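A short worksheet on the structure shown next.
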Amino acid sequence: MAPLAYWLSPPYILPPTEPSLTPLVVFLFGAMIGSFANVCILRIPAEESIVYPGSHCPSCKKPVAWYDNVPLLSWLALRGHCRQCKEPISFRYFVVELLTALSALALYFRVGFGVEWVVMFLFVAALIIISFIDLDHRIIPDLISLPGVVVGFVLSLRGEPGPISSGIGILAGGGLLLAVAWGYHAATGREGMGGGDIKLLGMIGAFLGWKSVPFTMLLSSLTGSIVGVTLMWWTGSDTKYAIPFGPFLALGAIVYIFCGEELIGWYLGFGAR
């Protein structure tokens, strides 16, 4: 594991050349994007427009006033209920906004503010949307993952991770999961992994490069197995118990962004002893 001095050194300390951009501004911007993420999570699976109509209560369908649509604060002020019909509004709305805001802030401390922050934040926001849709509906929408593959490759032309690494990441990501899916089906006769997971790993490879693919697969498989076995034990289910894999792939990708290179270096150094 990287020494403590590493985590206390740049880019984790805000650069002194950016006095006008504060962590609070980044956090609030992230919360705003989180509010939009909630709209996407609700409407994309229903094949509804994410632009029109405006925000409305999921129960009574009445429009939400601007002062009741302030990220984080409105949910707390209304105690998780609609002002009009008094029906409860899921705590998940608050969670998504907070998670997106914290992601924006963590990325700011990680890479500073610039093109890299914009790219990584949009990527992480997309992963958050995909994860919650997968949790709700057991699907990963092509509307996000397929354009994400293209966008990730195009953005790689800026220098990081580079078009070669991105291209290999796309092929390795999609090909690796496709091989796993075929192998599982051949061994069990059951579908164990959907095409959405394959496209998502291809998107991750496009944005983060080929090195992220085995790292993400290893970490997501490990965490997914732990959670899956725990849920089977808790519910008394058998090995056919299905859990969405998308959130675990997203988790693996996010961990790679923040410390993947360091963990890989530590592991290789440990293995060489």
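All residue names refer to the structure tokens as shown: chains lettered A, B, ... in order, residues numbered from 1 in each chain, ligands numbered from 1 in order.
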12 Å contact set for segment 159-170 of chain A, only C-alpha atoms, chain neighbours under 3 positions out, as an MDAnalysis selection string: chainID A and resid 115:116 119:120 145:146 148:156 173:177 198:216 257
Residue subset to file, keeping N, CA and C atoms, as a CSV table (one decimal), in the first residue's frame:
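The resulting file, again.csv, is shown below:
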chain,number,residue,atom,x,y,z
A,115,VAL,N,-9.2,19.6,-17.5
A,115,VAL,CA,-9.9,18.6,-18.5
A,115,VAL,C,-10.0,17.3,-17.8
A,116,GLU,N,-8.9,16.8,-17.1
A,116,GLU,CA,-9.0,15.5,-16.6
A,116,GLU,C,-10.1,15.3,-15.5
A,119,VAL,N,-13.5,15.0,-17.4
A,119,VAL,CA,-13.6,13.7,-18.1
A,119,VAL,C,-14.0,12.7,-17.0
A,120,MET,N,-13.2,12.6,-15.9
A,120,MET,CA,-13.4,11.6,-14.9
A,120,MET,C,-14.7,11.8,-14.2
A,145,SER,N,-24.0,3.2,-22.2
A,145,SER,CA,-22.8,2.4,-22.3
A,145,SER,C,-22.2,2.5,-23.7
A,146,LEU,N,-23.1,2.4,-24.8
A,146,LEU,CA,-22.5,2.4,-26.1
A,146,LEU,C,-22.0,3.7,-26.5
A,148,GLY,N,-20.9,5.8,-24.5
A,148,GLY,CA,-19.7,5.9,-23.5
A,148,GLY,C,-18.5,5.3,-24.1
A,149,VAL,N,-18.6,4.2,-24.8
A,149,VAL,CA,-17.5,3.5,-25.5
A,149,VAL,C,-16.8,4.5,-26.5
A,150,VAL,N,-17.7,5.1,-27.3
A,150,VAL,CA,-17.2,6.0,-28.3
A,150,VAL,C,-16.6,7.2,-27.7
A,151,VAL,N,-17.3,7.8,-26.7
A,151,VAL,CA,-16.8,9.1,-26.1
A,151,VAL,C,-15.5,8.8,-25.4
A,152,GLY,N,-15.4,7.6,-24.7
A,152,GLY,CA,-14.2,7.3,-24.0
A,152,GLY,C,-13.0,7.2,-24.9
A,153,PHE,N,-13.2,6.6,-26.1
A,153,PHE,CA,-12.1,6.4,-27.1
A,153,PHE,C,-11.7,7.8,-27.7
A,154,VAL,N,-12.7,8.6,-28.0
A,154,VAL,CA,-12.4,9.9,-28.6
A,154,VAL,C,-11.6,10.8,-27.6
A,155,LEU,N,-12.0,10.7,-26.3
A,155,LEU,CA,-11.3,11.5,-25.3
A,155,LEU,C,-9.9,11.0,-25.0
A,156,SER,N,-9.7,9.7,-25.3
A,156,SER,CA,-8.4,9.1,-25.1
A,156,SER,C,-7.3,9.8,-26.0
A,173,GLY,N,-12.1,-5.5,-22.6
A,173,GLY,CA,-13.2,-5.4,-21.7
A,173,GLY,C,-14.4,-6.2,-22.3
A,174,GLY,N,-14.8,-6.0,-23.5
A,174,GLY,CA,-15.9,-6.7,-24.1
A,174,GLY,C,-15.6,-8.1,-24.3
A,175,GLY,N,-14.4,-8.5,-24.8
A,175,GLY,CA,-14.0,-9.8,-25.1
A,175,GLY,C,-13.9,-10.7,-23.8
A,176,LEU,N,-13.3,-10.1,-22.7
A,176,LEU,CA,-13.1,-10.9,-21.5
A,176,LEU,C,-14.5,-11.3,-20.9
A,177,LEU,N,-15.4,-10.3,-20.8
A,177,LEU,CA,-16.7,-10.7,-20.2
A,177,LEU,C,-17.5,-11.6,-21.1
A,198,ILE,N,-21.1,-6.6,-20.5
A,198,ILE,CA,-20.0,-6.7,-21.4
A,198,ILE,C,-19.8,-5.3,-22.0
A,199,LYS,N,-20.8,-4.6,-22.4
A,199,LYS,CA,-20.7,-3.2,-22.9
A,199,LYS,C,-20.1,-2.2,-21.9
A,200,LEU,N,-20.6,-2.4,-20.6
A,200,LEU,CA,-20.1,-1.5,-19.6
A,200,LEU,C,-18.6,-1.7,-19.4
A,201,LEU,N,-18.1,-2.9,-19.4
A,201,LEU,CA,-16.6,-3.1,-19.2
A,201,LEU,C,-15.9,-2.6,-20.4
A,202,GLY,N,-16.5,-2.7,-21.6
A,202,GLY,CA,-15.9,-2.1,-22.7
A,202,GLY,C,-15.8,-0.5,-22.6
A,203,MET,N,-16.8,0.1,-22.0
A,203,MET,CA,-16.8,1.5,-21.7
A,203,MET,C,-15.7,1.9,-20.7
A,204,ILE,N,-15.6,1.0,-19.7
A,204,ILE,CA,-14.6,1.3,-18.7
A,204,ILE,C,-13.2,1.2,-19.3
A,205,GLY,N,-13.0,0.2,-20.2
A,205,GLY,CA,-11.7,0.1,-20.9
A,205,GLY,C,-11.4,1.3,-21.8
A,206,ALA,N,-12.5,1.8,-22.4
A,206,ALA,CA,-12.3,3.0,-23.3
A,206,ALA,C,-11.8,4.2,-22.5
A,207,PHE,N,-12.4,4.4,-21.3
A,207,PHE,CA,-12.0,5.6,-20.6
A,207,PHE,C,-10.7,5.5,-19.8
A,208,LEU,N,-10.5,4.3,-19.3
A,208,LEU,CA,-9.3,4.1,-18.4
A,208,LEU,C,-8.2,3.3,-18.9
A,209,GLY,N,-8.4,2.7,-20.1
A,209,GLY,CA,-7.3,2.0,-20.7
A,209,GLY,C,-7.3,0.5,-20.3
A,210,TRP,N,-6.4,-0.3,-21.0
A,210,TRP,CA,-6.5,-1.7,-20.9
A,210,TRP,C,-6.1,-2.2,-19.5
A,211,LYS,N,-5.2,-1.5,-18.8
A,211,LYS,CA,-4.8,-1.9,-17.5
A,211,LYS,C,-6.0,-2.0,-16.5
A,212,SER,N,-7.0,-1.1,-16.7
A,212,SER,CA,-8.1,-1.1,-15.8
A,212,SER,C,-9.0,-2.3,-15.9
A,213,VAL,N,-8.9,-3.0,-17.1
A,213,VAL,CA,-9.9,-4.1,-17.3
A,213,VAL,C,-9.6,-5.3,-16.4
A,214,PRO,N,-8.4,-5.9,-16.3
A,214,PRO,CA,-8.2,-7.0,-15.4
A,214,PRO,C,-8.4,-6.6,-13.9
A,215,PHE,N,-8.0,-5.3,-13.6
A,215,PHE,CA,-8.1,-4.8,-12.2
A,215,PHE,C,-9.6,-4.8,-11.9
A,216,THR,N,-10.4,-4.2,-12.7
A,216,THR,CA,-11.8,-4.0,-12.5
A,216,THR,C,-12.5,-5.4,-12.4
A,257,ILE,N,-9.5,4.4,-10.5
A,257,ILE,CA,-9.3,5.8,-10.8
A,257,ILE,C,-8.4,6.4,-9.6
Expected answer as an MDAnalysis selection string: strand (DSSP E or B) residues in segment 34-235 of chain A: chainID A and resid 56 63 81 88
Given the selection you just returned, output its residues as a file containing N, CA, C and O atoms, formatted as an mmCIF file, in the first residue's frame.
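Result saved to out-v4.cif:
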data_model
loop_
_atom_site.group_PDB
_atom_site.id
_atom_site.type_symbol
_atom_site.label_atom_id
_atom_site.label_comp_id
_atom_site.auth_asym_id
_atom_site.auth_seq_id
_atom_site.Cartn_x
_atom_site.Cartn_y
_atom_site.Cartn_z
ATOM 1 N N HIS A 56 -41.013 16.507 -11.197
ATOM 2 C CA HIS A 56 -42.340 16.389 -10.607
ATOM 3 C C HIS A 56 -42.333 15.258 -9.585
ATOM 4 O O HIS A 56 -41.461 14.384 -9.606
ATOM 5 N N PRO A 63 -45.767 19.343 -10.509
ATOM 6 C CA PRO A 63 -44.432 19.932 -10.666
ATOM 7 C C PRO A 63 -43.809 20.306 -9.325
ATOM 8 O O PRO A 63 -44.515 20.716 -8.389
ATOM 9 N N HIS A 81 -40.498 14.136 2.061
ATOM 10 C CA HIS A 81 -41.897 14.038 1.648
ATOM 11 C C HIS A 81 -42.224 15.118 0.618
ATOM 12 O O HIS A 81 -41.601 16.183 0.594
ATOM 13 N N PRO A 88 -44.101 9.976 0.801
ATOM 14 C CA PRO A 88 -42.645 9.929 0.991
ATOM 15 C C PRO A 88 -41.878 9.921 -0.334
ATOM 16 O O PRO A 88 -42.336 9.345 -1.318
#
All residues 12 Å or closer to Tyr52 of chain A, only C-alpha atoms, same chain fewer than 5 positions away omitted, as a ChimeraX atom specification: /A:39-40,43,63
Suppose we keep N, CA and C atoms; can you now write the selection as a short mmCIF file (atom, residue, chain, number, x, y, z; two decimals), in the first residue's frame?
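Result file follows (result-v1.cif):
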data_model
loop_
_atom_site.label_atom_id
_atom_site.label_comp_id
_atom_site.auth_asym_id
_atom_site.auth_seq_id
_atom_site.Cartn_x
_atom_site.Cartn_y
_atom_site.Cartn_z
N VAL A 39 -32.90 12.08 -12.18
CA VAL A 39 -33.84 12.14 -13.29
C VAL A 39 -33.54 11.03 -14.30
N CYS A 40 -32.26 10.87 -14.62
CA CYS A 40 -31.86 9.84 -15.58
C CYS A 40 -32.19 8.44 -15.04
N ARG A 43 -36.03 8.02 -15.40
CA ARG A 43 -36.70 8.13 -16.69
C ARG A 43 -36.11 7.27 -17.80
N PRO A 63 -45.77 19.34 -10.51
CA PRO A 63 -44.43 19.93 -10.67
C PRO A 63 -43.81 20.31 -9.33
#
DSSP alpha helix (DSSP H) residues within segment 32-219 of chain A, as a PyMOL selection string: chain A and resi 32-43+73-77+91-111+115-137+142-156+163-188+195-208+212-219
A:Glu97, A:Leu218, A:Ile243, A:Val25 ranked by distance to Tyr256 of chain A, top pick (using only C-alpha atoms): A:Leu218
d(atom CA of Lys62 of chain A, atom CA of Leu42 of chain A) in Å: 15.8 Å
Nearest to Tyr93 of chain A, chosen from A:Gly112, A:Gly80, A:Pro147, A:Pro141, with only C-alpha atoms counted in the distances: A:Gly80
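Residue nearest Cys82 of chain A within the list A:Ala65, A:Val26, A:Leu171, A:Leu102: A:Ala65 [criterion: smallest interatomic distance, only C-alpha atoms].
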Check which residues of segment 3-107 of chain A sit at most 12 Å from segment 129-133 of chain A using only C-alpha atoms, and return one row each with the closest pair of atoms and their distance in Å to one decimal, ordered by chain and rising number, as a Markdown table.
| residue | atom | partner | partner_atom | distance |
| --- | --- | --- | --- | --- |
| A:Ile33 | CA | A:Ile129 | CA | 10.7 |
| A:Gly34 | CA | A:Ile129 | CA | 9.0 |
| A:Ser35 | CA | A:Ile129 | CA | 10.9 |
| A:Phe36 | CA | A:Ile129 | CA | 9.7 |
| A:Ala37 | CA | A:Ile129 | CA | 5.9 |
| A:Asn38 | CA | A:Ile129 | CA | 7.6 |
| A:Val39 | CA | A:Ile129 | CA | 9.4 |
| A:Cys40 | CA | A:Ile129 | CA | 6.9 |
| A:Ile41 | CA | A:Ile133 | CA | 5.6 |
| A:Leu42 | CA | A:Ile133 | CA | 7.8 |
| A:Arg43 | CA | A:Ile133 | CA | 9.7 |
| A:Ile44 | CA | A:Ile133 | CA | 8.4 |
| A:Pro45 | CA | A:Ile133 | CA | 7.3 |
| A:Ala46 | CA | A:Ile133 | CA | 10.6 |
| A:Arg92 | CA | A:Phe132 | CA | 9.3 |
| A:Tyr93 | CA | A:Phe132 | CA | 10.7 |
| A:Val95 | CA | A:Phe132 | CA | 10.7 |
| A:Val96 | CA | A:Ile129 | CA | 8.6 |
| A:Glu97 | CA | A:Ile129 | CA | 10.9 |
| A:Leu99 | CA | A:Ile129 | CA | 10.9 |
| A:Thr100 | CA | A:Ile129 | CA | 9.7 |
